[in-house]
file entry.txt (compact mmCIF, C-alpha atoms)
# COMPACT_ATOMS: atom_id res chain seq x y z
CA MET A 28 -92.57 -164.64 17.54
CA GLU A 29 -95.00 -164.40 20.41
CA VAL A 30 -95.99 -167.21 22.77
CA ARG A 31 -98.42 -167.36 25.66
CA ASN A 32 -96.29 -167.93 28.74
CA ARG A 33 -97.61 -169.13 32.06
CA TYR A 34 -95.33 -168.69 35.06
CA VAL A 35 -95.48 -169.45 38.77
CA ALA A 36 -95.18 -166.52 41.18
CA THR A 37 -95.55 -166.01 44.91
CA ARG A 38 -98.57 -164.09 46.16
CA ARG A 39 -96.68 -162.73 49.16
CA HIS A 40 -93.39 -163.02 51.01
CA ILE A 41 -93.26 -166.43 52.71
CA GLU A 42 -92.00 -166.50 56.28
CA GLY A 43 -93.10 -169.95 57.47
CA ALA A 44 -93.67 -173.29 55.79
CA PRO A 45 -94.91 -172.76 52.22
CA THR A 46 -98.38 -173.83 51.14
CA GLU A 47 -100.07 -174.05 47.76
CA ALA A 48 -102.03 -170.90 48.65
CA ASP A 49 -98.77 -168.90 48.67
CA PHE A 50 -98.44 -169.30 44.89
CA GLU A 51 -100.35 -168.50 41.74
CA VAL A 52 -100.00 -169.15 38.03
CA ARG A 53 -99.87 -165.95 35.99
CA GLU A 54 -99.82 -165.38 32.26
CA GLU A 55 -97.91 -163.05 29.99
CA THR A 56 -96.80 -162.83 26.37
CA ALA A 57 -93.17 -163.73 25.70
CA ARG A 58 -91.83 -161.93 22.60
CA TRP A 59 -88.78 -163.02 20.63
CA THR A 60 -87.41 -161.22 17.56
CA PRO A 61 -84.62 -162.25 15.16
CA ASP A 62 -82.55 -159.18 16.05
CA SER A 63 -82.91 -159.51 19.85
CA GLY A 64 -79.83 -161.62 20.47
CA GLU A 65 -82.04 -163.75 22.70
CA VAL A 66 -82.84 -167.46 22.85
CA LEU A 67 -86.38 -168.72 23.50
CA VAL A 68 -86.59 -172.02 25.35
CA ARG A 69 -89.65 -174.20 25.89
CA ASN A 70 -89.11 -175.66 29.34
CA LEU A 71 -89.53 -179.42 29.77
CA TYR A 72 -88.31 -180.19 33.31
CA LEU A 73 -88.16 -177.83 36.30
CA SER A 74 -85.97 -178.29 39.36
CA ILE A 75 -87.76 -177.88 42.71
CA ASP A 76 -85.25 -176.96 45.43
CA PRO A 77 -85.65 -176.04 49.13
CA TYR A 78 -83.22 -173.09 48.97
CA GLN A 79 -85.80 -171.19 46.89
CA LEU A 80 -87.78 -170.60 50.09
CA ASN A 81 -85.04 -168.36 51.43
CA ARG A 82 -85.29 -166.24 48.29
CA MET A 83 -89.02 -165.81 48.93
CA LYS A 84 -88.62 -164.35 52.41
CA ARG A 85 -88.74 -160.63 53.06
CA SER A 86 -85.16 -160.75 54.32
CA SER A 87 -82.68 -163.62 54.15
CA ALA A 88 -78.93 -164.21 54.15
CA SER A 89 -79.47 -166.16 50.91
CA HIS A 90 -79.58 -162.80 49.13
CA LEU A 91 -75.79 -162.73 49.49
CA ALA A 92 -75.60 -165.57 46.95
CA VAL A 93 -78.81 -165.36 44.91
CA ASP A 94 -81.36 -162.65 44.18
CA GLY A 95 -84.47 -162.41 46.30
CA ILE A 96 -87.93 -162.96 44.82
CA LEU A 97 -90.67 -160.35 45.07
CA PRO A 98 -94.37 -161.31 45.01
CA GLY A 99 -95.63 -161.52 41.45
CA GLN A 100 -92.17 -161.94 39.91
CA ARG A 101 -90.99 -164.77 37.70
CA ILE A 102 -88.95 -167.33 39.66
CA ALA A 103 -85.62 -168.20 38.10
CA ALA A 104 -84.73 -171.84 38.62
CA TYR A 105 -82.56 -174.59 37.23
CA ALA A 106 -84.41 -176.35 34.41
CA ALA A 107 -84.05 -178.12 31.08
CA GLY A 108 -85.77 -177.39 27.82
CA GLU A 109 -85.67 -177.15 24.03
CA VAL A 110 -84.67 -174.10 22.00
CA VAL A 111 -87.62 -173.03 19.83
CA ALA A 112 -86.10 -169.81 18.46
CA SER A 113 -82.60 -168.37 18.56
CA ALA A 114 -81.00 -165.06 17.63
CA SER A 115 -77.63 -166.27 18.91
CA PRO A 116 -75.01 -168.17 16.90
CA GLU A 117 -74.31 -170.29 20.00
CA TYR A 118 -77.72 -171.99 19.94
CA ALA A 119 -79.90 -173.43 17.20
CA THR A 120 -83.56 -174.35 17.09
CA GLY A 121 -83.91 -177.87 18.43
CA ASP A 122 -80.94 -177.68 20.80
CA VAL A 123 -81.64 -179.12 24.23
CA VAL A 124 -80.27 -177.05 27.10
CA ALA A 125 -79.99 -177.15 30.88
CA GLY A 126 -79.30 -174.19 33.11
CA VAL A 127 -80.95 -171.26 34.86
CA LEU A 128 -84.37 -170.87 33.22
CA GLY A 129 -87.54 -170.53 35.31
CA TRP A 130 -90.73 -171.96 36.78
CA GLU A 131 -92.61 -171.20 33.58
CA ASP A 132 -93.56 -172.60 30.18
CA TYR A 133 -91.02 -170.52 28.24
CA THR A 134 -87.86 -168.61 29.15
CA LEU A 135 -85.98 -165.96 27.18
CA PHE A 136 -82.28 -165.60 27.88
CA ARG A 137 -79.38 -163.70 26.33
CA PRO A 138 -76.20 -165.81 26.19
CA SER A 139 -73.25 -164.41 28.13
CA PRO A 140 -70.49 -165.74 30.40
CA ALA A 141 -72.66 -164.76 33.38
CA VAL A 142 -75.55 -167.00 32.27
CA LEU A 143 -75.36 -170.61 33.42
CA MET A 144 -76.51 -172.59 30.39
CA SER A 145 -75.20 -175.56 28.46
CA LYS A 146 -76.30 -177.77 25.61
CA VAL A 147 -76.92 -181.39 26.58
CA ASP A 148 -77.24 -184.67 24.72
CA ALA A 149 -80.65 -186.09 25.59
CA THR A 150 -80.97 -188.43 22.61
CA ALA A 151 -82.05 -192.00 23.28
CA GLY A 152 -78.78 -193.43 22.01
CA GLY A 153 -76.17 -190.94 23.09
CA GLY A 154 -76.99 -189.46 26.45
CA PHE A 155 -78.83 -189.64 29.73
CA PRO A 156 -82.55 -189.01 30.31
CA LEU A 157 -83.17 -185.26 30.16
CA SER A 158 -84.32 -185.24 33.79
CA HIS A 159 -80.85 -186.41 34.88
CA HIS A 160 -79.36 -183.15 33.64
CA ILE A 161 -81.10 -181.21 36.39
CA SER A 162 -80.73 -183.85 39.08
CA VAL A 163 -77.65 -186.07 39.30
CA LEU A 164 -75.89 -184.13 36.50
CA GLY A 165 -77.25 -180.78 37.68
CA THR A 166 -77.00 -178.76 40.86
CA SER A 167 -77.83 -181.70 43.14
CA GLY A 168 -74.94 -183.75 41.82
CA MET A 169 -72.62 -180.75 41.84
CA THR A 170 -73.53 -179.98 45.47
CA ALA A 171 -73.06 -183.58 46.64
CA TYR A 172 -69.79 -184.11 44.76
CA GLY A 173 -68.29 -180.74 45.65
CA GLY A 174 -69.34 -180.91 49.28
CA LEU A 175 -67.93 -184.37 49.78
CA PHE A 176 -64.76 -184.38 47.71
CA GLU A 177 -63.76 -180.71 47.74
CA VAL A 178 -64.94 -179.63 51.19
CA CYS A 179 -64.47 -182.84 53.20
CA LYS A 180 -61.84 -184.73 51.17
CA PRO A 181 -62.69 -188.23 52.42
CA ALA A 182 -60.08 -190.92 52.96
CA ARG A 183 -60.82 -194.61 52.58
CA GLY A 184 -62.16 -196.11 55.82
CA GLU A 185 -63.42 -192.83 57.28
CA LYS A 186 -66.82 -192.66 58.96
CA VAL A 187 -69.40 -190.48 57.19
CA PHE A 188 -72.81 -189.35 58.43
CA VAL A 189 -75.36 -187.90 55.99
CA SER A 190 -78.57 -186.23 57.19
CA ALA A 191 -81.67 -186.06 54.98
CA ALA A 192 -79.98 -188.96 53.25
CA SER A 193 -82.89 -189.82 50.94
CA GLY A 194 -83.19 -186.27 49.57
CA SER A 195 -81.90 -184.84 46.32
CA VAL A 196 -78.40 -184.10 47.61
CA GLY A 197 -78.14 -186.53 50.52
CA SER A 198 -79.04 -189.57 48.41
CA LEU A 199 -76.05 -188.80 46.17
CA ALA A 200 -73.61 -187.74 48.89
CA GLY A 201 -74.05 -191.07 50.69
CA GLN A 202 -73.45 -193.07 47.51
CA PHE A 203 -70.40 -190.97 46.61
CA ALA A 204 -68.98 -191.59 50.10
CA LYS A 205 -69.41 -195.34 49.65
CA LEU A 206 -67.57 -195.13 46.32
CA ALA A 207 -64.75 -193.37 48.20
CA GLY A 208 -64.44 -196.41 50.48
CA CYS A 209 -66.07 -194.86 53.54
CA TYR A 210 -68.39 -196.28 56.19
CA VAL A 211 -71.70 -194.47 55.67
CA VAL A 212 -74.73 -193.96 57.89
CA GLY A 213 -77.74 -191.93 56.81
CA CYS A 214 -80.87 -190.71 58.54
CA ALA A 215 -84.35 -190.14 57.17
CA GLY A 216 -87.89 -189.60 58.46
CA THR A 217 -89.74 -192.82 57.59
CA LYS A 218 -89.11 -196.56 57.75
CA ALA A 219 -89.53 -196.81 53.98
CA LYS A 220 -86.77 -194.25 53.45
CA VAL A 221 -84.49 -195.98 55.96
CA ASP A 222 -85.01 -199.27 54.11
CA LEU A 223 -84.25 -197.50 50.83
CA LEU A 224 -80.96 -196.19 52.19
CA LYS A 225 -79.81 -199.63 53.26
CA ASP A 226 -81.31 -201.78 50.49
CA LYS A 227 -80.88 -199.61 47.38
CA LEU A 228 -78.41 -196.82 48.11
CA GLY A 229 -75.82 -198.95 49.89
CA SER A 230 -75.63 -197.25 53.30
CA ASP A 231 -73.94 -199.41 55.93
CA ASP A 232 -76.59 -198.36 58.43
CA ALA A 233 -79.49 -195.90 58.69
CA PHE A 234 -82.03 -194.74 61.24
CA ASN A 235 -85.33 -192.90 61.48
CA TYR A 236 -84.58 -189.72 63.40
CA LYS A 237 -88.26 -189.35 64.34
CA GLU A 238 -88.00 -192.53 66.41
CA GLU A 239 -84.91 -191.41 68.31
CA PRO A 240 -85.59 -189.53 71.59
CA ASP A 241 -81.90 -188.65 71.90
CA LEU A 242 -80.03 -187.92 68.66
CA LYS A 243 -76.64 -187.79 70.35
CA SER A 244 -77.17 -191.32 71.68
CA ALA A 245 -78.44 -192.52 68.31
CA LEU A 246 -75.28 -191.29 66.60
CA LYS A 247 -73.10 -192.76 69.34
CA ARG A 248 -74.78 -196.11 68.68
CA CYS A 249 -74.17 -195.85 64.92
CA PHE A 250 -70.66 -194.46 65.26
CA PRO A 251 -69.03 -196.00 68.35
CA GLU A 252 -65.65 -194.81 67.03
CA GLY A 253 -66.91 -191.34 66.14
CA ILE A 254 -67.73 -189.40 62.97
CA ASP A 255 -65.03 -188.12 60.63
CA ILE A 256 -67.27 -186.38 58.09
CA TYR A 257 -70.76 -184.96 58.45
CA PHE A 258 -72.65 -183.98 55.30
CA GLU A 259 -75.19 -181.58 56.75
CA ASN A 260 -78.60 -180.97 55.18
CA VAL A 261 -80.80 -180.46 58.25
CA GLY A 262 -79.40 -178.15 60.95
CA GLY A 263 -80.92 -177.73 64.41
CA GLU A 264 -80.48 -180.56 66.90
CA MET A 265 -79.03 -182.83 64.23
CA LEU A 266 -76.01 -180.58 63.83
CA GLU A 267 -75.51 -180.38 67.59
CA ALA A 268 -75.66 -184.17 67.91
CA ALA A 269 -73.23 -184.71 65.04
CA LEU A 270 -70.67 -182.28 66.45
CA ALA A 271 -70.86 -184.03 69.83
CA ASN A 272 -69.86 -187.26 68.08
CA MET A 273 -67.20 -185.87 65.75
CA ASN A 274 -63.63 -187.11 65.86
CA LEU A 275 -60.51 -184.98 66.06
CA HIS A 276 -60.10 -182.97 62.83
CA GLY A 277 -63.64 -183.81 61.75
CA ARG A 278 -65.09 -181.99 58.74
CA VAL A 279 -68.62 -180.71 58.25
CA ALA A 280 -69.94 -179.83 54.79
CA LEU A 281 -72.78 -177.41 55.47
CA SER A 282 -74.97 -177.98 52.42
CA GLY A 283 -78.34 -176.99 53.87
CA VAL A 284 -80.32 -176.57 57.09
CA ILE A 285 -83.85 -177.34 55.94
CA SER A 286 -85.19 -177.63 59.49
CA GLU A 287 -84.38 -173.93 59.95
CA TYR A 288 -85.76 -172.59 56.66
CA THR A 289 -89.35 -172.33 57.84
CA GLY A 290 -88.59 -170.87 61.25
CA GLY A 291 -90.57 -173.63 62.94
CA GLY A 292 -87.66 -175.57 64.42
CA ARG A 293 -85.04 -174.66 66.96
CA ARG A 294 -81.91 -173.22 65.41
CA ALA A 295 -78.64 -175.02 66.00
CA ALA A 296 -76.65 -173.96 69.05
CA PRO A 297 -73.47 -176.00 68.60
CA ASP A 298 -71.03 -176.46 71.46
CA LEU A 299 -68.17 -174.37 70.15
CA LEU A 300 -65.78 -175.94 72.63
CA GLU A 301 -66.33 -179.21 70.73
CA VAL A 302 -65.36 -177.39 67.55
CA ILE A 303 -62.27 -175.80 69.09
CA TYR A 304 -60.79 -178.73 70.98
CA LYS A 305 -61.57 -181.28 68.28
CA ARG A 306 -60.27 -178.87 65.59
CA ILE A 307 -63.46 -179.40 63.61
CA THR A 308 -63.78 -177.65 60.26
CA ILE A 309 -67.27 -176.40 59.36
CA ARG A 310 -67.64 -174.97 55.87
CA GLY A 311 -70.75 -173.62 54.27
CA PHE A 312 -70.84 -173.81 50.49
CA PHE A 313 -73.07 -173.33 47.48
CA ALA A 314 -73.30 -175.35 44.27
CA TRP A 315 -72.11 -172.38 42.20
CA ASP A 316 -68.80 -172.42 44.13
CA PHE A 317 -67.79 -175.36 41.95
CA LEU A 318 -69.03 -173.99 38.63
CA PRO A 319 -65.55 -173.91 37.02
CA ARG A 320 -65.30 -177.66 37.63
CA PHE A 321 -68.85 -178.53 36.59
CA ALA A 322 -67.75 -180.54 33.52
CA GLU A 323 -65.12 -182.41 35.52
CA PHE A 324 -67.59 -183.36 38.24
CA ASN A 325 -70.21 -184.45 35.71
CA ALA A 326 -67.73 -186.61 33.82
CA ALA A 327 -67.01 -188.58 37.00
CA ILE A 328 -70.65 -188.77 38.10
CA GLY A 329 -71.86 -189.68 34.63
CA GLU A 330 -69.45 -192.61 34.43
CA TRP A 331 -70.67 -193.92 37.79
CA VAL A 332 -74.27 -193.71 36.59
CA ARG A 333 -73.41 -195.55 33.36
CA GLN A 334 -71.70 -198.29 35.32
CA GLY A 335 -74.68 -198.66 37.66
CA LYS A 336 -72.62 -197.57 40.67
CA VAL A 337 -74.93 -194.63 41.44
CA GLN A 338 -78.69 -194.98 41.69
CA VAL A 339 -80.64 -191.91 40.57
CA LEU A 340 -83.77 -191.09 42.55
CA GLU A 341 -86.21 -188.69 40.89
CA ASP A 342 -89.65 -187.73 42.19
CA VAL A 343 -91.57 -186.25 39.24
CA SER A 344 -94.82 -184.30 39.26
CA ASP A 345 -96.67 -183.29 36.09
CA GLY A 346 -97.70 -179.87 34.88
CA LEU A 347 -96.90 -176.28 35.79
CA GLU A 348 -99.89 -176.20 38.12
CA SER A 349 -98.17 -178.82 40.32
CA VAL A 350 -95.14 -176.62 41.10
CA ALA A 351 -96.70 -175.16 44.25
CA SER A 352 -97.67 -178.52 45.75
CA ALA A 353 -94.33 -180.06 44.74
CA PHE A 354 -92.45 -177.24 46.45
CA ALA A 355 -94.57 -177.38 49.62
CA ALA A 356 -94.04 -181.15 49.83
CA LEU A 357 -90.29 -180.64 50.27
CA PHE A 358 -90.89 -179.19 53.72
CA SER A 359 -93.07 -182.04 54.95
CA GLY A 360 -90.65 -184.80 53.92
CA GLN A 361 -92.86 -186.20 51.17
CA ASN A 362 -90.24 -186.38 48.43
CA VAL A 363 -87.66 -189.09 47.79
CA GLY A 364 -84.63 -188.03 45.79
CA LYS A 365 -84.72 -185.06 43.44
CA LYS A 366 -88.08 -183.30 43.12
CA LEU A 367 -88.88 -182.34 39.52
CA VAL A 368 -91.85 -181.05 37.60
CA LYS A 369 -92.33 -182.27 34.04
CA LEU A 370 -94.10 -179.90 31.65
CA ALA A 371 -96.23 -181.26 28.82
call {"tool": "encode", "arguments": {"input": "entry.txt", "output": "structure tokens"}}
result
Amino acid sequence: MEVRNRYVATRRHIEGAPTEADFEVREETARWTPDSGEVLVRNLYLSIDPYQLNRMKRSSASHLAVDGILPGQRIAAYAAGEVVASASPEYATGDVVAGVLGWEDYTLFRPSPAVLMSKVDATAGGGFPLSHHISVLGTSGMTAYGGLFEVCKPARGEKVFVSAASGSVGSLAGQFAKLAGCYVVGCAGTKAKVDLLKDKLGSDDAFNYKEEPDLKSALKRCFPEGIDIYFENVGGEMLEAALANMNLHGRVALSGVISEYTGGGRRAAPDLLEVIYKRITIRGFFAWDFLPRFAEFNAAIGEWVRQGKVQVLEDVSDGLESVASAFAALFSGQNVGKKLVKLA
């Protein structure tokens, strides 16, 4: 079987904020044969994630965890799709899967323990919308759940601050913290997002960081008794301000530092004396750290979604051609919740 496959590639290494001009749509022929041992998937939803930018740079510490991307190469990404041909007994034509596929129309993969892929129930009666399997039940949910419950281990009544709290991970981390019985404050970059945090996502308080001339004072106002847990998605001055307001034995889950990805913002210079004397724990982590517990996490999250205790925010663009603009929009704060691209 041969299919025409369009895929998104970078034109060059990207060192600053990405633009649509940094990408192009290329075309190739994807070939599947019955004796290949491979599975051919027609992709239906693509996950658009900020960390991909670090893979696109000429040099980045992200290469310690994920492979870098060279100009012109296919871009592997979390996605969901339908099996259209299979030479593996593990998958049948018509199976719906979610896992590491790519920013492309079709993906070929060879099943193995090293390949992150699972079959999902996306039927109208039995499961969740397919998009949920790469948002709340995908890497965003795994990052938020693992970062909060495994890294920070919240106790009821603790004070939790979430930055980028209307984003794909932050919007879930804040809700999970509320379900754990914590006092939660989030920050975002527009009034509409602040209202969303308080009115729909259940935050006890929220503020627009763009309207705050002094972030340390803003956090002092929101947390007069200090911060116990900081779920970090931003970096830079936000991290410095949070550490200045942390309580003794505070915990920081370092999920992302999007303000530092493009090189345009000042990098964080935390006061290490604060860390030492307050015995603050700062732990960086990656979604794949929790892969062995993926099913366990999803069982808990899925039940919350069914019960209406977790609101799922998805920002969906249409068509492979929209991948570049969708990705660039992440770095200008245009998305709310999980950014996805739906393929026809």
call {"tool": "residues_around", "arguments": {"input": "entry.txt", "residues": "range 233-242 of chain A", "least_positions_apart": "5", "cutoff": "10 Å", "atoms": "all atoms listed in the file", "output": "JSON list (two decimals) with C-alpha atoms, keeping the file's coordinate frame"}}
result
[["chain", "number", "residue", "atom", "x", "y", "z"],
["A", 188, "PHE", "CA", -72.81, -189.35, 58.43],
["A", 189, "VAL", "CA", -75.36, -187.90, 55.99],
["A", 190, "SER", "CA", -78.57, -186.23, 57.19],
["A", 191, "ALA", "CA", -81.67, -186.06, 54.98],
["A", 192, "ALA", "CA", -79.98, -188.96, 53.25],
["A", 211, "VAL", "CA", -71.70, -194.47, 55.67],
["A", 212, "VAL", "CA", -74.73, -193.96, 57.89],
["A", 213, "GLY", "CA", -77.74, -191.93, 56.81],
["A", 214, "CYS", "CA", -80.87, -190.71, 58.54],
["A", 215, "ALA", "CA", -84.35, -190.14, 57.17],
["A", 216, "GLY", "CA", -87.89, -189.60, 58.46],
["A", 217, "THR", "CA", -89.74, -192.82, 57.59],
["A", 218, "LYS", "CA", -89.11, -196.56, 57.75],
["A", 219, "ALA", "CA", -89.53, -196.81, 53.98],
["A", 220, "LYS", "CA", -86.77, -194.25, 53.45],
["A", 221, "VAL", "CA", -84.49, -195.98, 55.96],
["A", 222, "ASP", "CA", -85.01, -199.27, 54.11],
["A", 223, "LEU", "CA", -84.25, -197.50, 50.83],
["A", 224, "LEU", "CA", -80.96, -196.19, 52.19],
["A", 225, "LYS", "CA", -79.81, -199.63, 53.26],
["A", 247, "LYS", "CA", -73.10, -192.76, 69.34],
["A", 248, "ARG", "CA", -74.78, -196.11, 68.68],
["A", 249, "CYS", "CA", -74.17, -195.85, 64.92],
["A", 264, "GLU", "CA", -80.48, -180.56, 66.90],
["A", 265, "MET", "CA", -79.03, -182.83, 64.23],
["A", 266, "LEU", "CA", -76.01, -180.58, 63.83],
["A", 267, "GLU", "CA", -75.51, -180.38, 67.59],
["A", 268, "ALA", "CA", -75.66, -184.17, 67.91],
["A", 269, "ALA", "CA", -73.23, -184.71, 65.04]]
call {"tool": "closest_residue", "arguments": {"input": "entry.txt", "among": "A:Ala327, A:Val35, A:Ile161, A:Val52", "to": "Ala103 in chain A", "atoms": "all atoms listed in the file"}}
result
A:Val35
call {"tool": "closest_residue", "arguments": {"input": "entry.txt", "among": "A:Ala271, A:Ala114, A:Leu67, A:Ala36", "to": "Pro98 in chain A", "atoms": "only C-alpha atoms"}}
result
A:Ala36
call {"tool": "residues_around", "arguments": {"input": "entry.txt", "residues": "Arg39 in chain A", "least_positions_apart": "4", "cutoff": "12 Å", "atoms": "only C-alpha atoms", "output": "MDAnalysis selection string"}}
result
chainID A and resid 43 45:51 80 82:85 96:100
call {"tool": "closest_residue", "arguments": {"input": "entry.txt", "among": "A:Ala204, A:Ile254, A:Val147, A:Val343", "to": "Asn325 in chain A", "atoms": "all atoms listed in the file"}}
result
A:Val147
call {"tool": "atom_distance", "arguments": {"input": "entry.txt", "atom1": "CA of Asp94 in chain A", "atom2": "CA of Tyr78 in chain A"}}
result
11.6 Å
call {"tool": "atom_distance", "arguments": {"input": "entry.txt", "atom1": "CA of Trp130 in chain A", "atom2": "CA of Arg101 in chain A"}}
result
7.3 Å
call {"tool": "residues_around", "arguments": {"input": "entry.txt", "residues": "Thr134 in chain A", "least_positions_apart": "2", "cutoff": "10 Å", "atoms": "only C-alpha atoms", "output": "list of chain:residue names"}}
result
A:Asn32, A:Tyr34, A:Ala57, A:Glu65, A:Val66, A:Leu67, A:Val68, A:Arg69, A:Asn70, A:Arg101, A:Ala103, A:Ala106, A:Gly108, A:Val110, A:Val127, A:Leu128, A:Gly129, A:Trp130, A:Glu131, A:Asp132, A:Phe136
call {"tool": "closest_residue", "arguments": {"input": "entry.txt", "among": "A:Glu29, A:Glu301, A:Glu54, A:Asp231", "to": "Ala112 in chain A", "atoms": "all atoms listed in the file"}}
result
A:Glu29
call {"tool": "atom_distance", "arguments": {"input": "entry.txt", "atom1": "CA of Asp255 in chain A", "atom2": "CA of Arg278 in chain A"}}
result
6.4 Å
call {"tool": "residues_around", "arguments": {"input": "entry.txt", "residues": "range 166-183 of chain A", "least_positions_apart": "4", "cutoff": "7 Å", "atoms": "only C-alpha atoms", "output": "PyMOL selection string"}}
result
chain A and resi 161-162+195-196+199-200+207-209+256+278-280+313-314+317+321+324
call {"tool": "closest_residue", "arguments": {"input": "entry.txt", "among": "A:Ser193, A:Leu228, A:Ala296, A:Asp342", "to": "Lys205 in chain A", "atoms": "only C-alpha atoms"}}
result
A:Leu228
call {"tool": "closest_residue", "arguments": {"input": "entry.txt", "among": "A:Ser286, A:Ser63, A:Asn81, A:Thr150", "to": "Ser115 in chain A", "atoms": "only C-alpha atoms"}}
result
A:Ser63
call {"tool": "residues_around", "arguments": {"input": "entry.txt", "residues": "Lys366 in chain A", "least_positions_apart": "6", "cutoff": "9 Å", "atoms": "all atoms listed in the file", "output": "list in words"}}
result
Leu73, Ser74, Ile75, Asp76, Ser162, Gly194, Ser195, Leu340, Glu341, Asp342, Val343, Ser344, Ala353, Phe354 and Leu357 of chain A
call {"tool": "residues_near_point", "arguments": {"input": "entry.txt", "point": "(-99.1, -186.2, 29.4)", "cutoff": "9 Å", "atoms": "all atoms listed in the file", "output": "ChimeraX atom specification"}}
result
/A:345-346,370-371
call {"tool": "decode", "arguments": {"input": "entry.txt", "residues": "range 134-191 of chain A", "atoms": "C-alpha atoms", "output": "PDB file, in the first residue's frame"}}
result
ATOM      1  CA  THR A 134       2.667   7.678  10.326  1.00  0.00           C
ATOM      2  CA  LEU A 135       4.324   4.266  10.058  1.00  0.00           C
ATOM      3  CA  PHE A 136       5.494   2.661  13.279  1.00  0.00           C
ATOM      4  CA  ARG A 137       6.833  -0.735  14.312  1.00  0.00           C
ATOM      5  CA  PRO A 138       5.377  -1.899  17.655  1.00  0.00           C
ATOM      6  CA  SER A 139       7.927  -2.467  20.408  1.00  0.00           C
ATOM      7  CA  PRO A 140       8.233  -1.794  24.145  1.00  0.00           C
ATOM      8  CA  ALA A 141      10.178   1.369  23.274  1.00  0.00           C
ATOM      9  CA  VAL A 142       7.299   2.828  21.235  1.00  0.00           C
ATOM     10  CA  LEU A 143       4.717   4.784  23.216  1.00  0.00           C
ATOM     11  CA  MET A 144       1.407   3.732  21.688  1.00  0.00           C
ATOM     12  CA  SER A 145      -1.900   2.496  23.031  1.00  0.00           C
ATOM     13  CA  LYS A 146      -5.326   1.622  21.709  1.00  0.00           C
ATOM     14  CA  VAL A 147      -8.109   3.884  22.939  1.00  0.00           C
ATOM     15  CA  ASP A 148     -11.891   3.706  23.079  1.00  0.00           C
ATOM     16  CA  ALA A 149     -13.195   6.702  21.160  1.00  0.00           C
ATOM     17  CA  THR A 150     -16.690   5.341  20.475  1.00  0.00           C
ATOM     18  CA  ALA A 151     -19.631   7.613  21.181  1.00  0.00           C
ATOM     19  CA  GLY A 152     -21.009   5.317  23.857  1.00  0.00           C
ATOM     20  CA  GLY A 153     -17.966   3.909  25.562  1.00  0.00           C
ATOM     21  CA  GLY A 154     -15.215   6.466  25.783  1.00  0.00           C
ATOM     22  CA  PHE A 155     -14.090  10.057  25.739  1.00  0.00           C
ATOM     23  CA  PRO A 156     -13.793  12.328  22.692  1.00  0.00           C
ATOM     24  CA  LEU A 157     -10.691  11.338  20.738  1.00  0.00           C
ATOM     25  CA  SER A 158      -9.125  14.748  21.340  1.00  0.00           C
ATOM     26  CA  HIS A 159      -9.135  14.081  25.103  1.00  0.00           C
ATOM     27  CA  HIS A 160      -6.674  11.240  24.605  1.00  0.00           C
ATOM     28  CA  ILE A 161      -3.933  13.683  23.639  1.00  0.00           C
ATOM     29  CA  SER A 162      -4.921  16.414  26.076  1.00  0.00           C
ATOM     30  CA  VAL A 163      -6.314  15.625  29.518  1.00  0.00           C
ATOM     31  CA  LEU A 164      -5.684  11.873  29.057  1.00  0.00           C
ATOM     32  CA  GLY A 165      -2.404  12.431  27.215  1.00  0.00           C
ATOM     33  CA  THR A 166       0.885  14.079  28.048  1.00  0.00           C
ATOM     34  CA  SER A 167      -0.719  17.257  29.419  1.00  0.00           C
ATOM     35  CA  GLY A 168      -2.722  15.334  31.987  1.00  0.00           C
ATOM     36  CA  MET A 169       0.233  13.098  32.815  1.00  0.00           C
ATOM     37  CA  THR A 170       2.479  16.140  33.333  1.00  0.00           C
ATOM     38  CA  ALA A 171      -0.035  17.960  35.541  1.00  0.00           C
ATOM     39  CA  TYR A 172      -0.914  14.898  37.630  1.00  0.00           C
ATOM     40  CA  GLY A 173       2.648  13.658  38.020  1.00  0.00           C
ATOM     41  CA  GLY A 174       4.058  17.088  38.768  1.00  0.00           C
ATOM     42  CA  LEU A 175       1.484  17.835  41.418  1.00  0.00           C
ATOM     43  CA  PHE A 176       0.945  14.508  43.144  1.00  0.00           C
ATOM     44  CA  GLU A 177       4.304  12.790  42.641  1.00  0.00           C
ATOM     45  CA  VAL A 178       6.702  15.738  42.759  1.00  0.00           C
ATOM     46  CA  CYS A 179       4.910  18.080  45.181  1.00  0.00           C
ATOM     47  CA  LYS A 180       2.691  15.693  47.174  1.00  0.00           C
ATOM     48  CA  PRO A 181       0.103  18.271  48.295  1.00  0.00           C
ATOM     49  CA  ALA A 182      -1.607  18.135  51.666  1.00  0.00           C
ATOM     50  CA  ARG A 183      -5.112  19.453  52.249  1.00  0.00           C
ATOM     51  CA  GLY A 184      -5.085  23.171  53.075  1.00  0.00           C
ATOM     52  CA  GLU A 185      -1.721  23.918  51.469  1.00  0.00           C
ATOM     53  CA  LYS A 186      -1.267  27.015  49.323  1.00  0.00           C
ATOM     54  CA  VAL A 187      -0.571  26.348  45.635  1.00  0.00           C
ATOM     55  CA  PHE A 188       0.516  28.800  42.938  1.00  0.00           C
ATOM     56  CA  VAL A 189       0.268  27.838  39.248  1.00  0.00           C
ATOM     57  CA  SER A 190       1.829  29.971  36.509  1.00  0.00           C
ATOM     58  CA  ALA A 191       0.498  29.913  32.938  1.00  0.00           C
TER      59      ALA A 191
END
